[in-house]
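**Q** Got a structure for you, written out below as structure tokens; questions coming shortly.
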Amino acid sequence: MRALITGGARGLGEAIAERLVSDGGDAMLMDIREDVARTAQRIATKRPGSLVKSVVGDVTDERDCNRAVTEAVAFMGGLDVLVNNAGIGGPAGDVVDYDPTDFRHVLEVNLVGVFLATQMAARVMIRQASGGAIVNIASMLGQRGEAKAGAYSASKGGVILLTQCLALELARHQIRVNAVAPGHMTTEMHWDDLRGRATASGRSFQDQVEAVRASIPLGRHGTGPDVASAVAWLVSKDAAYVTGQTVGVNGGVQ
């Protein structure tokens with residue numbers, strides 16, 4: 001299995017890459033962060049003989065996406081899996097006060113970035129004529145709205161519908177497209193959101209963490225390995241008849 005993972009420098013992307021490599025795959029990690037190279041080097045030690053490399057690039061830039069796919073194919077000899085994980089939360093705020101530039105940026109990274117990377121990767125998979133699997137990282141906030149999260153929810157809702165459209169379009173090429181919708185995860189993005197909410201409400205950060213945890217039926221935040229396990233299943237032969245689906249990894253939050 002030869003995989004390209006966007007947003008692979010840290011957080012969920014790092015966990016996904018580590019799981020796929022541990023399962024026997026090779027990986028190219030793409031991220032806008034320069035330290036993605038250190039992440040790739042660390043993951044390469046998880047399985048001797050694995051091929052793991054990094055490329056610095058912005059998923060909103062068509063040329064960067066093309067370069068990442070081209071380098072991935074050259075490095076691994078082809079491409080079987082794409083995981084569109086790169087994403088941002090953007091500032092929280094009421095729609096009447098939201099900066100249109102910020103709104104557009106969230107959509108560019110979270111939705112347009114998925115489109116660009118998928119377009120480049122799907123072209124390769126179609127030429128290879130051996131099928132493939134694409135997994136888009138959405139969010140439970142793409143399945144329901146939340147006050148002050150309009151840009152993020154809209155972008156992730158778009159990812160879920162784009163996933164369904166792509167699954168229908170690419171099925172004839174035996175390319176499966178699915179999404180994973182994480183809930184409250186132990187990521188810097190989530191902690192940053194809670195810090196902002198703590199400041200706005202006058203409550204402590206720890207109070208915010210406990211309030212969120214209390215709302216999760218399973219009683220804990222999700223982790224990178226939780227999401228990585230779902231991705232690993234979706235790209236495996238065990239999910240060979242699964243496409244166009246969104247799998248919630250959210251501890252039971254409805």
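If you're wondering about the labels, chains in the structure tokens are A, B, ... by order shown, residues count from 1 in each chain, ligands from 1 in order shown.
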Which polymer residues have any atom within 9 Å of an atom of stretch 133-136 of chain A, counting only C-alpha atoms, with same-chain residues fewer than 6 positions away left out, as a list of chain:residue names?
**A** A:Asp80, A:Val81, A:Leu82, A:Val83, A:Asn84, A:Asn85, A:Val114, A:Thr118, A:Ala121, A:Ala122, A:Val159, A:Ile160, A:Thr163, A:Gln174, A:Ile175, A:Arg176, A:Val177, A:Asn178, A:Ala179, A:Val180, A:Ala181, A:Val231, A:Leu234, A:Val235, A:Ser236, A:Thr243, A:Thr246
**Q** Write out the residues from the selection above, keeping N, CA and C atoms, as an mmCIF file, in the first residue's frame.
**A**
data_model
loop_
_atom_site.group_PDB
_atom_site.id
_atom_site.type_symbol
_atom_site.label_atom_id
_atom_site.label_comp_id
_atom_site.auth_asym_id
_atom_site.auth_seq_id
_atom_site.Cartn_x
_atom_site.Cartn_y
_atom_site.Cartn_z
ATOM 1 N N ASP A 80 -1.748 4.230 -4.119
ATOM 2 C CA ASP A 80 -2.945 3.426 -3.886
ATOM 3 C C ASP A 80 -3.937 4.105 -2.955
ATOM 4 N N VAL A 81 -3.422 4.980 -2.070
ATOM 5 C CA VAL A 81 -4.249 5.568 -1.015
ATOM 6 C C VAL A 81 -3.964 7.056 -0.893
ATOM 7 N N LEU A 82 -5.020 7.831 -0.749
ATOM 8 C CA LEU A 82 -4.901 9.251 -0.408
ATOM 9 C C LEU A 82 -5.730 9.502 0.834
ATOM 10 N N VAL A 83 -5.120 10.131 1.831
ATOM 11 C CA VAL A 83 -5.848 10.552 3.021
ATOM 12 C C VAL A 83 -5.803 12.071 3.078
ATOM 13 N N ASN A 84 -6.953 12.692 2.866
ATOM 14 C CA ASN A 84 -7.060 14.153 2.916
ATOM 15 C C ASN A 84 -7.333 14.574 4.357
ATOM 16 N N ASN A 85 -6.254 14.842 5.085
ATOM 17 C CA ASN A 85 -6.375 15.183 6.497
ATOM 18 C C ASN A 85 -6.126 16.660 6.783
ATOM 19 N N VAL A 114 -9.128 19.484 -0.350
ATOM 20 C CA VAL A 114 -9.541 18.096 -0.590
ATOM 21 C C VAL A 114 -9.782 17.870 -2.078
ATOM 22 N N THR A 118 -7.381 15.379 -4.303
ATOM 23 C CA THR A 118 -8.104 14.241 -4.861
ATOM 24 C C THR A 118 -8.036 14.229 -6.374
ATOM 25 N N ALA A 121 -4.550 12.963 -7.325
ATOM 26 C CA ALA A 121 -4.346 11.559 -6.977
ATOM 27 C C ALA A 121 -5.234 10.638 -7.797
ATOM 28 N N ALA A 122 -6.487 11.037 -8.022
ATOM 29 C CA ALA A 122 -7.411 10.189 -8.779
ATOM 30 C C ALA A 122 -6.935 9.994 -10.207
ATOM 31 N N VAL A 159 -17.170 18.664 2.643
ATOM 32 C CA VAL A 159 -16.306 17.491 2.474
ATOM 33 C C VAL A 159 -17.144 16.211 2.430
ATOM 34 N N ILE A 160 -18.143 16.123 3.287
ATOM 35 C CA ILE A 160 -18.976 14.920 3.335
ATOM 36 C C ILE A 160 -19.763 14.746 2.044
ATOM 37 N N THR A 163 -17.435 13.861 -0.777
ATOM 38 C CA THR A 163 -17.079 12.444 -0.660
ATOM 39 C C THR A 163 -18.108 11.569 -1.373
ATOM 40 N N GLN A 174 -13.063 1.503 -9.713
ATOM 41 C CA GLN A 174 -12.770 0.728 -8.496
ATOM 42 C C GLN A 174 -11.959 1.539 -7.483
ATOM 43 N N ILE A 175 -12.217 2.842 -7.481
ATOM 44 C CA ILE A 175 -11.615 3.732 -6.482
ATOM 45 C C ILE A 175 -12.698 4.065 -5.460
ATOM 46 N N ARG A 176 -12.475 3.652 -4.230
ATOM 47 C CA ARG A 176 -13.449 3.891 -3.174
ATOM 48 C C ARG A 176 -13.138 5.207 -2.460
ATOM 49 N N VAL A 177 -14.184 5.960 -2.117
ATOM 50 C CA VAL A 177 -14.017 7.242 -1.441
ATOM 51 C C VAL A 177 -14.936 7.287 -0.223
ATOM 52 N N ASN A 178 -14.361 7.452 0.926
ATOM 53 C CA ASN A 178 -15.118 7.522 2.172
ATOM 54 C C ASN A 178 -14.612 8.673 3.034
ATOM 55 N N ALA A 179 -15.342 8.959 4.082
ATOM 56 C CA ALA A 179 -14.943 10.013 5.016
ATOM 57 C C ALA A 179 -14.983 9.481 6.437
ATOM 58 N N VAL A 180 -14.168 10.072 7.283
ATOM 59 C CA VAL A 180 -14.203 9.827 8.717
ATOM 60 C C VAL A 180 -14.559 11.156 9.380
ATOM 61 N N ALA A 181 -15.512 11.108 10.302
ATOM 62 C CA ALA A 181 -15.952 12.320 10.990
ATOM 63 C C ALA A 181 -15.584 12.233 12.468
ATOM 64 N N VAL A 231 -9.421 4.777 9.611
ATOM 65 C CA VAL A 231 -8.825 4.982 8.290
ATOM 66 C C VAL A 231 -8.189 3.691 7.796
ATOM 67 N N LEU A 234 -10.832 1.457 6.455
ATOM 68 C CA LEU A 234 -11.434 1.929 5.210
ATOM 69 C C LEU A 234 -10.539 1.721 3.997
ATOM 70 N N VAL A 235 -9.228 1.746 4.181
ATOM 71 C CA VAL A 235 -8.332 1.560 3.034
ATOM 72 C C VAL A 235 -7.958 0.094 2.838
ATOM 73 N N SER A 236 -8.420 -0.776 3.740
ATOM 74 C CA SER A 236 -8.061 -2.187 3.660
ATOM 75 C C SER A 236 -9.053 -2.979 2.809
ATOM 76 N N THR A 243 -18.089 2.328 0.135
ATOM 77 C CA THR A 243 -17.733 3.583 -0.534
ATOM 78 C C THR A 243 -18.870 4.587 -0.381
ATOM 79 N N THR A 246 -19.699 7.981 5.495
ATOM 80 C CA THR A 246 -19.035 8.796 6.510
ATOM 81 C C THR A 246 -19.111 8.044 7.822
#
**Q** What's the 9 Å shell around stretch 54-67 of chain A, counting only C-alpha atoms, without same-chain residues fewer than 3 positions away, as a VMD selection string?
**A** chain A and resid 6 to 9 27 to 41 70 to 72 86 108 to 110 112 to 114 116 to 118 120 to 121
**Q** Would you please work out which residue, of A:Ala68, A:Met185, A:Trp233, A:Gly131, is nearest to A:Lys53 when using only C-alpha atoms?
**A**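 Looking at the shortest contact to A:Lys53, the residue is A:Ala68.
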**Q** Excluding A:Gly25 and its own-chain neighbours fewer than 2 positions away, which residues fall within 12 Å of it when counting only C-alpha atoms? Please give them as a PDB file with N, CA and C atoms, in the first residue's frame.
**A**
ATOM      1  N   MET A   1       0.836  -1.195   0.000  1.00  0.00           N
ATOM      2  CA  MET A   1       0.000   0.000   0.000  1.00  0.00           C
ATOM      3  C   MET A   1       0.872   1.247   0.000  1.00  0.00           C
ATOM      4  N   ARG A   2       0.634   2.116  -0.955  1.00  0.00           N
ATOM      5  CA  ARG A   2       1.409   3.346  -1.100  1.00  0.00           C
ATOM      6  C   ARG A   2       0.476   4.522  -0.874  1.00  0.00           C
ATOM      7  N   ALA A   3       0.742   5.286   0.210  1.00  0.00           N
ATOM      8  CA  ALA A   3      -0.216   6.295   0.662  1.00  0.00           C
ATOM      9  C   ALA A   3       0.382   7.690   0.702  1.00  0.00           C
ATOM     10  N   LEU A   4      -0.442   8.661   0.352  1.00  0.00           N
ATOM     11  CA  LEU A   4      -0.131  10.078   0.530  1.00  0.00           C
ATOM     12  C   LEU A   4      -1.077  10.616   1.591  1.00  0.00           C
ATOM     13  N   ILE A   5      -0.514  11.216   2.636  1.00  0.00           N
ATOM     14  CA  ILE A   5      -1.321  11.768   3.729  1.00  0.00           C
ATOM     15  C   ILE A   5      -1.057  13.263   3.815  1.00  0.00           C
ATOM     16  N   ILE A  16      -2.286   8.744  11.630  1.00  0.00           N
ATOM     17  CA  ILE A  16      -2.736   7.949  10.474  1.00  0.00           C
ATOM     18  C   ILE A  16      -1.536   7.400   9.712  1.00  0.00           C
ATOM     19  N   ALA A  17      -0.557   8.257   9.459  1.00  0.00           N
ATOM     20  CA  ALA A  17       0.635   7.815   8.733  1.00  0.00           C
ATOM     21  C   ALA A  17       1.358   6.720   9.497  1.00  0.00           C
ATOM     22  N   GLU A  18       1.489   6.893  10.798  1.00  0.00           N
ATOM     23  CA  GLU A  18       2.176   5.891  11.611  1.00  0.00           C
ATOM     24  C   GLU A  18       1.447   4.549  11.561  1.00  0.00           C
ATOM     25  N   ARG A  19       0.115   4.576  11.601  1.00  0.00           N
ATOM     26  CA  ARG A  19      -0.650   3.326  11.559  1.00  0.00           C
ATOM     27  C   ARG A  19      -0.494   2.640  10.201  1.00  0.00           C
ATOM     28  N   LEU A  20      -0.593   3.386   9.122  1.00  0.00           N
ATOM     29  CA  LEU A  20      -0.508   2.775   7.801  1.00  0.00           C
ATOM     30  C   LEU A  20       0.871   2.168   7.550  1.00  0.00           C
ATOM     31  N   VAL A  21       1.899   2.859   8.023  1.00  0.00           N
ATOM     32  CA  VAL A  21       3.253   2.317   7.867  1.00  0.00           C
ATOM     33  C   VAL A  21       3.433   1.087   8.745  1.00  0.00           C
ATOM     34  N   SER A  22       2.940   1.131   9.972  1.00  0.00           N
ATOM     35  CA  SER A  22       3.039  -0.020  10.868  1.00  0.00           C
ATOM     36  C   SER A  22       2.323  -1.235  10.306  1.00  0.00           C
ATOM     37  N   ASP A  23       1.250  -0.966   9.533  1.00  0.00           N
ATOM     38  CA  ASP A  23       0.482  -2.053   8.922  1.00  0.00           C
ATOM     39  C   ASP A  23       1.135  -2.614   7.660  1.00  0.00           C
ATOM     40  N   ALA A  27       4.634   5.564   2.812  1.00  0.00           N
ATOM     41  CA  ALA A  27       3.891   6.815   2.947  1.00  0.00           C
ATOM     42  C   ALA A  27       4.691   8.039   2.538  1.00  0.00           C
ATOM     43  N   MET A  28       3.982   8.981   1.931  1.00  0.00           N
ATOM     44  CA  MET A  28       4.477  10.325   1.683  1.00  0.00           C
ATOM     45  C   MET A  28       3.631  11.271   2.527  1.00  0.00           C
ATOM     46  N   ILE A  43       8.580   8.202  11.883  1.00  0.00           N
ATOM     47  CA  ILE A  43       7.667   7.131  11.485  1.00  0.00           C
ATOM     48  C   ILE A  43       8.416   6.035  10.733  1.00  0.00           C
ATOM     49  N   ALA A  44       9.424   6.413   9.971  1.00  0.00           N
ATOM     50  CA  ALA A  44      10.196   5.426   9.211  1.00  0.00           C
ATOM     51  C   ALA A  44      10.854   4.396  10.112  1.00  0.00           C
ATOM     52  N   LYS A  46       9.495   2.976  12.596  1.00  0.00           N
ATOM     53  CA  LYS A  46       8.485   2.062  13.129  1.00  0.00           C
ATOM     54  C   LYS A  46       8.498   0.709  12.418  1.00  0.00           C
ATOM     55  N   ARG A  47       8.927   0.725  11.157  1.00  0.00           N
ATOM     56  CA  ARG A  47       8.995  -0.537  10.415  1.00  0.00           C
ATOM     57  C   ARG A  47      10.232  -0.523   9.536  1.00  0.00           C
ATOM     58  N   PRO A  48      11.230  -1.287   9.888  1.00  0.00           N
ATOM     59  CA  PRO A  48      12.456  -1.336   9.086  1.00  0.00           C
ATOM     60  C   PRO A  48      12.150  -1.696   7.632  1.00  0.00           C
ATOM     61  N   GLY A  49      12.745  -0.955   6.715  1.00  0.00           N
ATOM     62  CA  GLY A  49      12.533  -1.212   5.299  1.00  0.00           C
ATOM     63  C   GLY A  49      11.388  -0.434   4.686  1.00  0.00           C
ATOM     64  N   SER A  50      10.644   0.293   5.506  1.00  0.00           N
ATOM     65  CA  SER A  50       9.527   1.073   4.969  1.00  0.00           C
ATOM     66  C   SER A  50      10.034   2.288   4.208  1.00  0.00           C
ATOM     67  N   LEU A  51       9.232   2.735   3.259  1.00  0.00           N
ATOM     68  CA  LEU A  51       9.531   3.953   2.515  1.00  0.00           C
ATOM     69  C   LEU A  51       8.663   5.073   3.078  1.00  0.00           C
ATOM     70  N   VAL A  52       9.289   6.042   3.691  1.00  0.00           N
ATOM     71  CA  VAL A  52       8.567   7.172   4.271  1.00  0.00           C
ATOM     72  C   VAL A  52       9.324   8.450   3.942  1.00  0.00           C
ATOM     73  N   MET A  76       7.460   6.075  -4.343  1.00  0.00           N
ATOM     74  CA  MET A  76       6.897   4.779  -3.951  1.00  0.00           C
ATOM     75  C   MET A  76       6.566   3.875  -5.130  1.00  0.00           C
ATOM     76  N   LEU A  79       0.614   5.007  -6.474  1.00  0.00           N
ATOM     77  CA  LEU A  79      -0.202   5.576  -5.400  1.00  0.00           C
ATOM     78  C   LEU A  79      -1.503   4.779  -5.296  1.00  0.00           C
ATOM     79  N   ASP A  80      -1.748   4.230  -4.119  1.00  0.00           N
ATOM     80  CA  ASP A  80      -2.945   3.426  -3.886  1.00  0.00           C
ATOM     81  C   ASP A  80      -3.937   4.105  -2.955  1.00  0.00           C
ATOM     82  N   VAL A  81      -3.422   4.980  -2.070  1.00  0.00           N
ATOM     83  CA  VAL A  81      -4.249   5.568  -1.015  1.00  0.00           C
ATOM     84  C   VAL A  81      -3.964   7.056  -0.893  1.00  0.00           C
ATOM     85  N   ALA A 232      -7.468   3.008   8.676  1.00  0.00           N
ATOM     86  CA  ALA A 232      -6.803   1.761   8.291  1.00  0.00           C
ATOM     87  C   ALA A 232      -7.814   0.734   7.799  1.00  0.00           C
ATOM     88  N   VAL A 235      -9.228   1.746   4.181  1.00  0.00           N
ATOM     89  CA  VAL A 235      -8.332   1.560   3.034  1.00  0.00           C
ATOM     90  C   VAL A 235      -7.958   0.094   2.838  1.00  0.00           C
ATOM     91  N   SER A 236      -8.420  -0.776   3.740  1.00  0.00           N
ATOM     92  CA  SER A 236      -8.061  -2.187   3.660  1.00  0.00           C
ATOM     93  C   SER A 236      -9.053  -2.979   2.809  1.00  0.00           C
TER      94      SER A 236
END
**Q** Which stretch 117-228 of chain A residues have any atom within 10 Å of an atom of stretch 98-104 of chain A, and for each, what is the nearest pair of atoms with distance in Å to one decimal, counting only C-alpha atoms, rows sorted by chain and number, as a Markdown table?
**A**
| residue | atom | partner | partner_atom | distance |
| --- | --- | --- | --- | --- |
| A:Lys148 | CA | A:Tyr98 | CA | 9.1 |
| A:Gly150 | CA | A:Phe103 | CA | 8.5 |
| A:Ala151 | CA | A:Phe103 | CA | 5.5 |
| A:Tyr152 | CA | A:Phe103 | CA | 8.4 |
| A:Ala154 | CA | A:Phe103 | CA | 9.6 |
| A:Ser155 | CA | A:Phe103 | CA | 9.4 |
**Q** Determine, using only C-alpha atoms, which residues of stretch 61-137 of chain A have any atom at most 9 Å from an atom of stretch 186-208 of chain A, and tabulate each with its shortest atom pair and distance in Å to one decimal place, rows ordered by chain and then rising number, as JSON lines.
**A**
{"residue": "A:Ile88", "atom": "CA", "partner": "A:Met189", "partner_atom": "CA", "distance": 7.4}
{"residue": "A:Gly89", "atom": "CA", "partner": "A:Met189", "partner_atom": "CA", "distance": 6.5}
{"residue": "A:Pro91", "atom": "CA", "partner": "A:Asp193", "partner_atom": "CA", "distance": 8.3}
{"residue": "A:Ala92", "atom": "CA", "partner": "A:Asp193", "partner_atom": "CA", "distance": 7.8}
**Q** Take the residues from that selection and write them out as a PDB file, in the first residue's frame, keeping C-alpha atoms.
**A**
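Result written to part04.pdb:
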ATOM      1  CA  ILE A  88      -7.805  24.255  10.046  1.00  0.00           C
ATOM      2  CA  GLY A  89     -10.413  25.329  12.553  1.00  0.00           C
ATOM      3  CA  PRO A  91     -11.542  31.633  14.325  1.00  0.00           C
ATOM      4  CA  ALA A  92     -14.825  31.085  16.157  1.00  0.00           C
TER       5      ALA A  92
END
**Q** Skip A:Asn250 itself and residues of its chain fewer than 3 positions away, then list as a PyMOL selection string all residues within 8 Å of it, counting only C-alpha atoms.
**A** chain A and resi 140+181-184+216+222+253
**Q** Put those residues in a file: N, CA and C atoms, as an mmCIF file, in the first residue's frame.
**A**
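The new file part.cif reads:
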data_model
loop_
_atom_site.group_PDB
_atom_site.id
_atom_site.type_symbol
_atom_site.label_atom_id
_atom_site.label_comp_id
_atom_site.auth_asym_id
_atom_site.auth_seq_id
_atom_site.Cartn_x
_atom_site.Cartn_y
_atom_site.Cartn_z
ATOM 1 N N MET A 140 -17.611 15.772 12.987
ATOM 2 C CA MET A 140 -19.009 15.680 13.403
ATOM 3 C C MET A 140 -19.708 17.026 13.211
ATOM 4 N N ALA A 181 -15.512 11.108 10.302
ATOM 5 C CA ALA A 181 -15.952 12.320 10.990
ATOM 6 C C ALA A 181 -15.584 12.233 12.468
ATOM 7 N N PRO A 182 -14.418 12.749 12.844
ATOM 8 C CA PRO A 182 -14.017 12.705 14.251
ATOM 9 C C PRO A 182 -14.887 13.625 15.110
ATOM 10 N N GLY A 183 -14.926 13.298 16.395
ATOM 11 C CA GLY A 183 -15.586 14.165 17.372
ATOM 12 C C GLY A 183 -14.557 15.012 18.095
ATOM 13 N N HIS A 184 -14.671 15.086 19.405
ATOM 14 C CA HIS A 184 -13.743 15.875 20.212
ATOM 15 C C HIS A 184 -12.444 15.094 20.387
ATOM 16 N N ILE A 216 -19.557 13.605 26.266
ATOM 17 C CA ILE A 216 -19.200 12.457 25.421
ATOM 18 C C ILE A 216 -19.677 11.178 26.098
ATOM 19 N N GLY A 222 -11.329 11.633 22.046
ATOM 20 C CA GLY A 222 -10.762 10.700 21.091
ATOM 21 C C GLY A 222 -9.291 10.976 20.880
ATOM 22 N N VAL A 253 -21.214 10.815 20.538
ATOM 23 C CA VAL A 253 -21.880 12.116 20.478
ATOM 24 C C VAL A 253 -22.838 12.153 19.297
#
**Q** What parts of stretch 39-76 of chain A does DSSP call alpha helix (DSSP H)? I'd like the answer as a list in words.
**A**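 Answer for stretch 39-76 of chain A restricted to alpha helix (DSSP H) is Thr39, Ala40, Gln41, Arg42, Ile43, Ala44, Glu62, Arg63, Asp64, Cys65, Asn66, Arg67, Ala68, Val69, Thr70, Glu71, Ala72, Val73, Ala74, Phe75 and Met76 of chain A.
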**Q** What residues in stretch 134-212 of chain A get the DSSP label strand (DSSP E or B)? Please answer as a PyMOL selection string.
**A** chain A and resi 134-137+175-182+185
